[in-house]
Amino acid sequence: LGYLRSWLEHHEDHSHVLEGIPSREECMYDVPQEAQAIAEALHRAVAKAPEDGALWSALGVVKNIARDYGGAVEALARACRLRPEDPRCWNKLGATLGNHGRCKEAIKMYHQSLALKPKYTRAWSNLAIAHANLDEYADAVRFYLQALALTPDAAHVWDHVQTVLLRSGEDHFLELYEASVARDFDQCRKLCPGFVDPRQLPAQHLEHLAPAETVLEIL
């Protein structure tokens, strides 16, 4: 929230939207009040510049912090329509959907994000989380490993791999589990059917992807 306030304060076109909004000092230690203040400022900004995708994306973040799920989805979907080439917008929308139990829809957003930026570690991890939440353990492990291809030292991702393998209860994952405990990435990759190294994937041009409106029809 502090970053978003500073961003607006220094924005060439939108700094005026903070006029009359409670100050940083007035909102200190009060996250809900700060979120409400920044949301009000952003609503003013998007009213003046409704085609500015960055503003809608920022509003979606604030709505998430304020636990306004419906508002967050609406704002981030608008951002994706306005900035369909931005993988971060798609990932944020996917995370918002996934965090509120709409994992199947979230998966579509993550795929759109990764098509634009195959080396997007966070989107691979989020995609894995969505599949794990749907009890699709093989896919979850595969996508976690694809995240690890980009960040092999990410201890928390290795932990997620092991957790998913244990949750699956599948005996045929035993060898893969042992390799994950040893953090033997090459062995894990060999034992994981369908693994694709994201470092070898080319980014797709926007014109080759499903239009933003088509992907967002599910909302």
# chains A, B, ... in the order shown; residues from 1 in each chain; ligands from 1
call {"tool": "residues_around", "arguments": {"residues": "Leu191 in chain A", "least_positions_apart": "3", "cutoff": "9 Å", "atoms": "only C-alpha atoms", "output": "VMD selection string"}}
result
chain A and resid 173 175 to 176 179 186 to 188 195
call {"tool": "residues_around", "arguments": {"residues": "range 129-142 of chain A", "least_positions_apart": "6", "cutoff": "9 Å", "atoms": "only C-alpha atoms", "output": "PyMOL selection string"}}
result
chain A and resi 95+98-99+101-104+106-107+160-162+164-165+167-168+189+192-196
call {"tool": "residues_around", "arguments": {"residues": "range 197-200 of chain A", "least_positions_apart": "2", "cutoff": "8 Å", "atoms": "only C-alpha atoms", "output": "mmCIF file with N, CA and C atoms, in the first residue's frame"}}
result
data_model
loop_
_atom_site.group_PDB
_atom_site.id
_atom_site.type_symbol
_atom_site.label_atom_id
_atom_site.label_comp_id
_atom_site.auth_asym_id
_atom_site.auth_seq_id
_atom_site.Cartn_x
_atom_site.Cartn_y
_atom_site.Cartn_z
ATOM 1 N N PRO A 118 7.390 -17.375 -20.785
ATOM 2 C CA PRO A 118 7.639 -18.751 -20.322
ATOM 3 C C PRO A 118 8.598 -18.854 -19.136
ATOM 4 N N LYS A 119 9.418 -17.835 -18.920
ATOM 5 C CA LYS A 119 10.376 -17.877 -17.813
ATOM 6 C C LYS A 119 9.844 -17.160 -16.575
ATOM 7 N N GLN A 146 8.989 -27.333 -13.196
ATOM 8 C CA GLN A 146 9.293 -26.359 -14.252
ATOM 9 C C GLN A 146 9.645 -24.998 -13.642
ATOM 10 N N ALA A 149 13.236 -25.369 -12.585
ATOM 11 C CA ALA A 149 14.183 -25.263 -13.694
ATOM 12 C C ALA A 149 14.718 -23.842 -13.809
ATOM 13 N N LEU A 150 13.910 -22.884 -13.374
ATOM 14 C CA LEU A 150 14.299 -21.480 -13.441
ATOM 15 C C LEU A 150 14.943 -21.004 -12.148
ATOM 16 N N PHE A 195 7.471 -33.348 -18.447
ATOM 17 C CA PHE A 195 8.267 -32.178 -18.077
ATOM 18 C C PHE A 195 8.766 -31.467 -19.324
ATOM 19 N N PRO A 202 9.704 -20.702 -26.355
ATOM 20 C CA PRO A 202 9.681 -19.325 -26.864
ATOM 21 C C PRO A 202 8.431 -18.601 -26.392
#
call {"tool": "closest_residue", "arguments": {"among": "A:Leu174, A:Gly53, A:Pro87, A:Lys92", "to": "Ala72 in chain A", "atoms": "only C-alpha atoms"}}
result
A:Lys92
call {"tool": "atom_distance", "arguments": {"atom1": "CA of Ala75 in chain A", "atom2": "CA of Ser57 in chain A"}}
result
6.5 Å
call {"tool": "closest_residue", "arguments": {"among": "A:Leu216, A:Val31, A:Leu206, A:Ala41", "to": "Trp7 in chain A", "atoms": "only C-alpha atoms"}}
result
A:Ala41
call {"tool": "closest_residue", "arguments": {"among": "A:Arg83, A:Arg5, A:His10, A:His16", "to": "Ala39 in chain A", "atoms": "only C-alpha atoms"}}
result
A:Arg5
